[in-house]
>>> print(open('data15.txt').read())   # compact mmCIF, C-alpha atoms
# COMPACT_ATOMS: atom_id res chain seq x y z
CA MET U 34 101.75 104.26 70.26
CA SER U 35 99.25 102.34 68.12
CA VAL U 36 95.61 101.74 68.91
CA HIS U 37 96.64 98.09 69.21
CA ALA U 38 98.36 98.82 72.52
CA PHE U 39 95.32 100.65 73.84
CA ASP U 40 93.15 97.67 72.93
CA MET U 41 95.51 95.39 74.89
CA LEU U 42 95.25 97.67 77.89
CA CYS U 43 91.46 97.67 77.65
CA ARG U 44 91.42 93.87 77.46
CA ALA U 45 93.62 93.68 80.55
CA VAL U 46 91.24 95.98 82.42
CA GLU U 47 88.18 93.96 81.38
CA GLU U 48 89.77 90.65 82.37
CA THR U 49 90.93 92.10 85.69
CA ASP U 50 87.43 93.34 86.45
CA ALA U 51 85.98 89.93 85.57
CA GLY U 52 88.39 88.20 87.94
CA ARG U 53 90.16 86.31 85.16
CA THR U 54 93.60 86.94 86.63
CA ASP U 55 95.65 84.67 84.37
CA THR U 56 94.15 86.11 81.20
CA ALA U 57 94.63 89.66 82.48
CA ARG U 58 98.30 88.93 83.18
CA ARG U 59 98.76 87.55 79.66
CA TRP U 60 97.37 90.75 78.15
CA LEU U 61 99.66 92.80 80.37
CA ASP U 62 102.65 90.69 79.27
CA LYS U 63 101.75 91.31 75.63
CA LEU U 64 101.41 95.03 76.28
CA ARG U 65 104.74 95.21 78.09
CA GLY U 66 106.44 93.49 75.17
CA LEU U 67 104.99 96.03 72.75
CA ILE U 68 105.78 99.32 74.48
CA ALA U 69 109.20 100.92 74.87
CA PRO U 70 108.91 103.58 77.62
CA GLU U 71 112.70 103.90 77.78
CA LYS U 72 112.74 105.17 74.18
CA VAL U 73 109.23 106.49 73.45
CA GLY U 74 107.98 109.15 75.84
CA ASP U 75 104.28 108.49 75.22
CA ASP U 76 104.73 104.84 76.15
CA PHE U 77 105.48 105.82 79.75
CA LEU U 78 101.76 106.35 80.35
CA TYR U 79 101.11 102.79 79.20
CA LEU U 80 103.78 101.61 81.61
CA LEU U 81 102.09 103.40 84.52
CA TYR U 82 98.76 101.72 83.76
CA HIS U 83 100.50 98.39 83.18
CA ASP U 84 102.23 98.56 86.57
CA ALA U 85 99.08 99.72 88.37
CA LEU U 86 97.09 96.78 87.02
CA ALA U 87 99.95 94.39 87.79
CA ARG U 88 99.92 95.57 91.42
CA ARG U 89 96.16 95.14 91.52
CA LEU U 90 96.57 91.55 90.38
CA GLY U 91 99.15 90.99 93.13
CA THR U 92 98.59 90.45 96.82
CA HIS U 93 99.73 93.77 98.30
CA GLN U 94 100.20 97.47 97.73
CA ASP U 95 103.53 99.07 98.40
CA GLU U 96 103.49 102.64 99.68
CA ARG U 97 106.83 103.13 97.96
CA ASP U 98 104.90 103.12 94.68
CA ASN U 99 103.72 106.62 95.59
CA LEU U 100 105.47 108.94 93.13
CA TYR U 101 106.19 111.50 95.84
CA LEU U 102 108.19 108.92 97.81
CA CYS U 103 110.16 107.48 94.91
CA ARG U 104 113.76 108.52 94.34
CA PHE U 105 114.04 110.15 90.94
CA GLU U 106 116.77 112.30 89.44
CA ARG U 107 114.33 115.16 89.97
CA PRO U 108 111.85 114.80 92.87
CA GLN U 109 108.20 114.46 91.91
CA ILE U 110 107.22 117.46 94.02
CA GLU U 111 109.47 119.66 91.88
CA LEU U 112 107.63 118.47 88.78
CA PHE U 113 104.31 119.27 90.42
CA ASP U 114 105.60 122.74 91.29
CA LEU U 115 106.38 123.23 87.59
CA VAL U 116 102.81 122.22 86.74
CA ALA U 117 101.51 124.66 89.35
CA GLU U 118 103.62 127.38 87.75
CA HIS U 119 102.75 126.78 84.09
CA LEU U 120 99.44 124.87 83.73
CA PRO U 121 96.58 127.41 83.51
CA VAL U 122 93.96 125.36 85.35
CA VAL U 123 96.31 124.74 88.26
CA ILE U 124 97.39 128.39 88.30
CA LEU U 125 93.74 129.50 88.43
CA ALA U 126 92.89 127.01 91.17
CA GLY U 127 95.89 128.23 93.17
CA ARG U 128 94.81 131.84 92.88
CA ILE U 129 91.21 131.16 93.84
CA GLY U 130 92.22 128.86 96.67
CA GLY U 131 94.81 131.35 97.89
CA ALA U 132 92.25 134.16 97.93
CA LEU U 133 89.86 132.02 99.99
CA LEU U 134 92.60 131.11 102.47
CA ALA U 135 93.63 134.74 102.79
CA GLY U 136 90.05 135.74 103.52
CA HIS U 137 89.96 133.41 106.52
CA LEU U 138 93.40 134.37 107.86
CA ALA U 139 93.64 138.12 107.26
CA GLY U 140 93.93 140.22 110.38
CA ARG U 141 93.44 137.39 112.87
CA ASP U 142 95.19 137.54 116.22
CA THR U 143 95.65 133.77 116.07
CA ALA U 144 94.72 131.16 113.48
CA THR U 145 95.58 127.65 112.34
CA LEU U 146 96.28 126.57 108.78
CA MET U 147 96.20 122.83 108.19
CA SER U 148 97.52 121.88 104.77
CA VAL U 149 96.87 118.37 103.46
CA GLY U 150 99.59 117.36 101.01
CA ILE U 151 101.49 120.55 101.73
CA GLY U 152 104.36 119.64 99.39
CA SER U 153 106.96 122.38 99.30
CA GLY U 154 104.53 124.90 100.82
CA GLY U 155 104.58 127.27 97.86
CA GLN U 156 100.89 128.18 97.92
CA GLU U 157 100.83 128.71 101.68
CA ALA U 158 103.98 130.83 101.60
CA ALA U 159 102.57 132.98 98.79
CA VAL U 160 99.36 133.61 100.74
CA LEU U 161 101.22 134.59 103.91
CA ALA U 162 103.72 136.78 102.05
CA ALA U 163 100.86 138.66 100.37
CA LEU U 164 99.08 139.17 103.71
CA ALA U 165 102.29 140.34 105.34
CA SER U 166 102.90 142.86 102.55
CA ARG U 167 99.49 144.39 103.27
CA GLY U 168 99.94 144.34 107.04
CA GLN U 169 97.17 141.72 107.38
CA ALA U 170 99.14 138.66 108.48
CA PRO U 171 97.85 136.80 111.55
CA GLY U 172 99.45 137.85 114.83
CA ARG U 173 100.53 134.24 115.34
CA LEU U 174 99.82 131.32 113.04
CA THR U 175 99.88 127.60 113.73
CA VAL U 176 100.66 125.56 110.62
CA ILE U 177 99.96 121.82 110.50
CA GLY U 178 101.62 120.37 107.41
CA VAL U 179 100.55 116.87 106.38
CA ASP U 180 102.71 115.10 103.80
CA PRO U 181 104.33 111.64 103.56
CA ALA U 182 107.56 113.11 102.14
CA VAL U 183 109.72 114.35 105.02
CA GLY U 184 111.96 116.32 102.67
CA SER U 185 108.94 118.24 101.37
CA LEU U 186 107.85 119.04 104.92
CA HIS U 187 111.26 120.50 105.72
CA GLN U 188 111.15 122.62 102.57
CA ALA U 189 107.60 123.75 103.35
CA GLU U 190 108.60 124.85 106.83
CA ARG U 191 111.56 126.80 105.47
CA SER U 192 109.45 128.48 102.79
CA ILE U 193 106.70 129.46 105.21
CA ARG U 194 109.10 130.70 107.89
CA ASP U 195 110.79 132.86 105.25
CA THR U 196 107.60 134.97 105.15
CA ARG U 197 108.50 136.22 108.65
CA VAL U 198 104.98 135.62 109.91
CA PRO U 199 105.20 134.50 113.57
CA LEU U 200 104.22 130.85 113.59
CA ASP U 201 104.41 127.40 115.10
CA PHE U 202 104.97 124.69 112.51
CA HIS U 203 103.91 121.08 113.16
CA GLN U 204 105.07 118.42 110.73
CA VAL U 205 102.81 115.40 110.25
CA PRO U 206 104.96 113.03 108.14
CA ARG U 207 102.19 110.66 107.10
CA PHE U 208 99.65 109.98 104.41
CA ALA U 209 96.45 111.86 105.30
CA GLU U 210 94.54 108.59 105.65
CA HIS U 211 97.15 107.38 108.17
CA MET U 212 96.88 110.33 110.54
CA THR U 213 96.89 109.08 114.13
CA ASP U 214 94.56 109.91 116.99
CA GLU U 215 97.34 112.14 118.35
CA ASP U 216 97.52 113.98 115.01
CA TRP U 217 93.78 114.63 115.04
CA GLU U 218 93.93 115.73 118.66
CA LEU U 219 96.54 118.30 117.61
CA VAL U 220 94.12 119.57 114.97
CA ARG U 221 91.18 119.72 117.37
CA ARG U 222 93.17 121.64 120.00
CA ALA U 223 94.76 124.09 117.56
CA PRO U 224 93.97 127.83 117.87
CA ARG U 225 90.91 129.05 116.01
CA PRO U 226 89.89 129.79 113.36
CA LEU U 227 90.98 126.48 111.82
CA VAL U 228 91.35 126.72 108.04
CA VAL U 229 92.14 123.62 105.96
CA ASN U 230 93.81 123.64 102.57
CA ALA U 231 93.62 120.53 100.38
CA ALA U 232 94.92 121.48 96.95
CA PHE U 233 95.07 118.51 94.55
CA ALA U 234 95.66 116.19 97.51
CA LEU U 235 92.61 114.09 98.40
CA HIS U 236 92.70 112.13 95.14
CA HIS U 237 95.91 110.54 96.47
CA LEU U 238 94.11 108.86 99.40
CA ARG U 239 94.08 105.09 99.00
CA ASP U 240 91.18 102.96 100.13
CA THR U 241 91.86 100.12 102.53
CA ALA U 242 92.38 96.58 101.25
CA SER U 243 88.78 95.83 102.31
CA GLY U 244 87.52 98.63 100.07
CA ALA U 245 86.61 101.16 102.77
CA ASP U 246 86.47 104.69 101.36
CA GLU U 247 89.32 106.49 103.12
CA ARG U 248 88.21 109.84 101.72
CA ASN U 249 84.89 109.61 103.53
CA THR U 250 86.68 108.54 106.70
CA PHE U 251 89.14 111.42 106.46
CA LEU U 252 86.44 114.00 105.76
CA ALA U 253 84.35 112.72 108.68
CA LYS U 254 87.30 113.17 111.03
CA LEU U 255 87.92 116.59 109.56
CA ARG U 256 84.31 117.57 110.19
CA ASP U 257 84.65 116.44 113.81
CA ALA U 258 87.55 118.92 114.15
CA GLU U 259 85.06 121.70 113.31
CA PRO U 260 87.10 123.76 110.83
CA ASP U 261 85.95 127.27 109.99
CA GLY U 262 86.74 126.72 106.32
CA VAL U 263 88.00 124.03 103.95
CA VAL U 264 89.49 124.96 100.59
CA LEU U 265 89.37 121.94 98.27
CA CYS U 266 90.77 121.87 94.73
CA GLU U 267 90.36 118.67 92.71
CA PRO U 268 89.98 117.73 89.04
CA ASP U 269 86.47 116.68 88.01
CA SER U 270 87.16 113.08 86.99
CA ASP U 271 85.47 110.06 88.55
CA HIS U 272 88.12 107.35 88.63
CA HIS U 273 87.58 106.37 92.25
CA ARG U 274 84.34 104.60 93.20
CA VAL U 275 82.73 103.53 89.91
CA ALA U 276 83.37 100.10 88.35
CA LEU U 277 86.93 99.44 87.17
CA PRO U 278 86.31 99.65 83.37
CA GLU U 279 84.48 102.99 83.71
CA ARG U 280 87.08 104.22 86.17
CA PHE U 281 89.85 103.29 83.75
CA HIS U 282 88.27 105.14 80.82
CA ASN U 283 87.58 108.22 82.94
CA SER U 284 91.17 108.16 84.10
CA TRP U 285 92.52 107.66 80.58
CA ARG U 286 90.54 110.63 79.26
CA HIS U 287 91.88 112.73 82.13
CA PHE U 288 95.56 111.82 81.85
CA ALA U 289 96.16 110.72 78.26
CA VAL U 290 96.90 113.03 75.36
CA PRO U 291 93.98 113.31 72.88
CA ALA U 292 95.89 111.42 70.20
CA HIS U 293 95.68 108.24 72.28
CA GLY U 294 92.00 107.84 71.51
>>> encode(input="data15.txt", output="structure tokens")
Amino acid sequence: MSVHAFDMLCRAVEETDAGRTDTARRWLDKLRGLIAPEKVGDDFLYLLYHDALARRLGTHQDERDNLYLCRFERPQIELFDLVAEHLPVVILAGRIGGALLAGHLAGRDTATLMSVGIGSGGQEAAVLAALASRGQAPGRLTVIGVDPAVGSLHQAERSIRDTRVPLDFHQVPRFAEHMTDEDWELVRRAPRPLVVNAAFALHHLRDTASGADERNTFLAKLRDAEPDGVVLCEPDSDHHRVALPERFHNSWRHFAVPAHG
């Protein structure tokens, strides 16, 4: 894709940030007429940014826009599992995070593992299988899996139960920022130690329409639950709280291939 398309996208971002909605929409229309994501693979990234800005210029956000809830020929969680299997930085984060989780769980009579954005449960299952092979699995484990995709929760429970570690599995089929008082009560009353795993998950939390930072709210509630350990893996890219133009450029550098400028 030409630099011309990137310039259009930048103009749309600038006009959106300035509140010039009509002008921003015109730039987005021009961009959409230029790209061909159905034919050119690299154009799909432009389409994602186009659609995100278009939603921002609208009056509502639709949770169905979440990639993990969309119906694709191949579920999004399977694509993430491929990334976790082949992308070095994700592999390294998984190994380090897994080692930290194992250190908290090894040899415990009872313990609770809360996983935020548990997905298919691959990391958790690998940790428990490794502990079991060394005779260090917890005597009984409570697992609290938080994920908006019900299908992923079912797969996670199957994968973790396949490790043969005695456990109680609680499915929380919600976005982390939508956890109810009952969900948090479950966390607070769970057997100790309470260990929380949040691997590449918290960046998915959406702020409220009023702009309240749902990550701060979630982390405050998590602190109130008094966990013994929290394992957090996230990319170092600030495209959350800074101004929209800066957030866009940070995001573009993080997601775009170098050839896009």
>>> atom_distance(input="data15.txt", atom1="CA of Phe208 (chain U)", atom2="CA of His282 (chain U)")
26.6 Å
>>> closest_residue(input="data15.txt", among="U:Met41, U:Ala126, U:Ala163, U:Leu81", to="Ala289 (chain U)", atoms="only C-alpha atoms")
U:Leu81
>>> residues_around(input="data15.txt", residues="Arg191 (chain U)", least_positions_apart="3", cutoff="10 Å", atoms="only C-alpha atoms", output="PDB file with C-alpha atoms, in the frame of the given file")
ATOM      1  CA  SER U 153     106.960 122.380  99.300  1.00  0.00           C
ATOM      2  CA  GLY U 154     104.530 124.900 100.820  1.00  0.00           C
ATOM      3  CA  ALA U 158     103.980 130.830 101.600  1.00  0.00           C
ATOM      4  CA  SER U 185     108.940 118.240 101.370  1.00  0.00           C
ATOM      5  CA  LEU U 186     107.850 119.040 104.920  1.00  0.00           C
ATOM      6  CA  HIS U 187     111.260 120.500 105.720  1.00  0.00           C
ATOM      7  CA  GLN U 188     111.150 122.620 102.570  1.00  0.00           C
ATOM      8  CA  ARG U 194     109.100 130.700 107.890  1.00  0.00           C
ATOM      9  CA  ASP U 195     110.790 132.860 105.250  1.00  0.00           C
ATOM     10  CA  THR U 196     107.600 134.970 105.150  1.00  0.00           C
ATOM     11  CA  PHE U 202     104.970 124.690 112.510  1.00  0.00           C
TER      12      PHE U 202
END
>>> atom_distance(input="data15.txt", atom1="CA of Ala162 (chain U)", atom2="CA of Ile193 (chain U)")
8.5 Å
>>> residues_around(input="data15.txt", residues="Thr49 (chain U)", least_positions_apart="3", cutoff="12 Å", atoms="only C-alpha atoms", output="list in words")
Leu42, Cys43, Arg44, Ala45, Val46, Gly52, Arg53, Thr54, Asp55, Thr56, Ala57, Arg58, Arg59, Trp60, Leu61, His83, Ala85, Leu86, Ala87, Arg88, Arg89, Leu90, Gly91, Ala276, Leu277, Pro278 and Phe281 of chain U
>>> closest_residue(input="data15.txt", among="U:Thr143, U:Glu247, U:Ala189, U:Gly150", to="Gln169 (chain U)", atoms="only C-alpha atoms")
U:Thr143
>>> atom_distance(input="data15.txt", atom1="CA of Glu48 (chain U)", atom2="CA of Arg286 (chain U)")
20.2 Å
>>> closest_residue(input="data15.txt", among="U:Ala69, U:Ala159, U:Ala234, U:Val264", to="Asp180 (chain U)", atoms="only C-alpha atoms")
U:Ala234
>>> closest_residue(input="data15.txt", among="U:Val205, U:Val160, U:Ala165, U:Leu125", to="Gly140 (chain U)", atoms="all atoms listed in the file")
U:Ala165
>>> residues_near_point(input="data15.txt", point="(103.3, 99.6, 77.5)", cutoff="9 Å", atoms="all atoms listed in the file", output="ChimeraX atom specification")
/U:34,38-39,42,61,63-70,76-83
>>> closest_residue(input="data15.txt", among="U:Gly178, U:Pro260, U:Gly155, U:Gly130", to="Val228 (chain U)", atoms="only C-alpha atoms")
U:Pro260
>>> closest_residue(input="data15.txt", among="U:Lys254, U:His37, U:Arg128, U:Arg225", to="Leu174 (chain U)", atoms="all atoms listed in the file")
U:Arg225
>>> build_atoms(input="data15.txt", residues="region 189-200 of chain U", atoms="all heavy atoms", output="compact mmCIF listing (two decimals), in the frame of the given file")
# COMPACT_ATOMS: atom_id res chain seq x y z
N ALA U 189 108.79 122.95 103.08
CA ALA U 189 107.60 123.75 103.35
C ALA U 189 107.80 124.63 104.58
O ALA U 189 107.45 125.82 104.56
CB ALA U 189 106.39 122.84 103.54
N GLU U 190 108.37 124.05 105.62
CA GLU U 190 108.60 124.85 106.83
C GLU U 190 109.56 126.00 106.56
O GLU U 190 109.33 127.14 107.00
CB GLU U 190 109.13 123.97 107.97
CG GLU U 190 109.35 124.75 109.25
CD GLU U 190 109.63 123.88 110.46
OE1 GLU U 190 109.64 122.63 110.32
OE2 GLU U 190 109.83 124.45 111.55
N ARG U 191 110.62 125.73 105.80
CA ARG U 191 111.56 126.80 105.47
C ARG U 191 110.88 127.90 104.66
O ARG U 191 111.05 129.10 104.93
CB ARG U 191 112.76 126.24 104.69
CG ARG U 191 113.72 125.40 105.52
CD ARG U 191 115.02 125.13 104.77
NE ARG U 191 114.80 124.35 103.56
CZ ARG U 191 114.85 123.02 103.54
NH1 ARG U 191 115.09 122.33 104.65
NH2 ARG U 191 114.67 122.36 102.40
N SER U 192 110.10 127.50 103.66
CA SER U 192 109.45 128.48 102.79
C SER U 192 108.47 129.35 103.57
O SER U 192 108.40 130.57 103.37
CB SER U 192 108.70 127.76 101.65
OG SER U 192 109.59 127.03 100.84
N ILE U 193 107.72 128.72 104.46
CA ILE U 193 106.70 129.46 105.21
C ILE U 193 107.36 130.34 106.27
O ILE U 193 106.94 131.48 106.51
CB ILE U 193 105.68 128.48 105.82
CG1 ILE U 193 104.89 127.81 104.68
CG2 ILE U 193 104.74 129.19 106.78
CD1 ILE U 193 103.97 126.72 105.13
N ARG U 194 108.41 129.87 106.91
CA ARG U 194 109.10 130.70 107.89
C ARG U 194 109.78 131.90 107.23
O ARG U 194 109.95 132.96 107.85
CB ARG U 194 110.11 129.87 108.67
CG ARG U 194 109.48 128.89 109.65
CD ARG U 194 110.50 128.34 110.63
NE ARG U 194 109.91 127.36 111.53
CZ ARG U 194 109.19 127.67 112.62
NH1 ARG U 194 108.98 128.94 112.92
NH2 ARG U 194 108.69 126.71 113.38
N ASP U 195 110.16 131.76 105.97
CA ASP U 195 110.79 132.86 105.25
C ASP U 195 109.84 134.05 105.07
O ASP U 195 110.30 135.16 104.76
CB ASP U 195 111.28 132.40 103.88
CG ASP U 195 112.58 131.59 103.97
OD1 ASP U 195 113.23 131.63 105.03
OD2 ASP U 195 112.92 130.93 102.97
N THR U 196 108.54 133.85 105.26
CA THR U 196 107.60 134.97 105.15
C THR U 196 107.66 135.88 106.37
O THR U 196 107.07 136.96 106.35
CB THR U 196 106.15 134.45 105.01
OG1 THR U 196 105.76 133.77 106.22
CG2 THR U 196 106.03 133.50 103.82
N ARG U 197 108.33 135.44 107.42
CA ARG U 197 108.50 136.22 108.65
C ARG U 197 107.22 136.37 109.46
O ARG U 197 107.14 137.16 110.40
CB ARG U 197 109.06 137.62 108.35
CG ARG U 197 110.35 137.62 107.54
CD ARG U 197 111.53 137.19 108.35
NE ARG U 197 112.77 137.23 107.59
CZ ARG U 197 113.97 137.23 108.14
NH1 ARG U 197 114.09 137.22 109.44
NH2 ARG U 197 115.06 137.21 107.38
N VAL U 198 106.20 135.63 109.11
CA VAL U 198 104.98 135.62 109.91
C VAL U 198 105.24 134.79 111.16
O VAL U 198 105.72 133.65 111.04
CB VAL U 198 103.80 135.04 109.12
CG1 VAL U 198 102.57 134.89 110.01
CG2 VAL U 198 103.49 135.93 107.92
N PRO U 199 104.98 135.30 112.36
CA PRO U 199 105.20 134.50 113.57
C PRO U 199 104.35 133.23 113.54
O PRO U 199 103.13 133.30 113.33
CB PRO U 199 104.74 135.44 114.71
CG PRO U 199 104.83 136.82 114.12
CD PRO U 199 104.49 136.65 112.67
N LEU U 200 104.99 132.09 113.72
CA LEU U 200 104.22 130.85 113.59
C LEU U 200 104.84 129.69 114.35
O LEU U 200 106.01 129.70 114.72
CB LEU U 200 104.07 130.48 112.11
CG LEU U 200 105.33 130.22 111.27
CD1 LEU U 200 105.80 128.78 111.37
CD2 LEU U 200 105.06 130.58 109.81
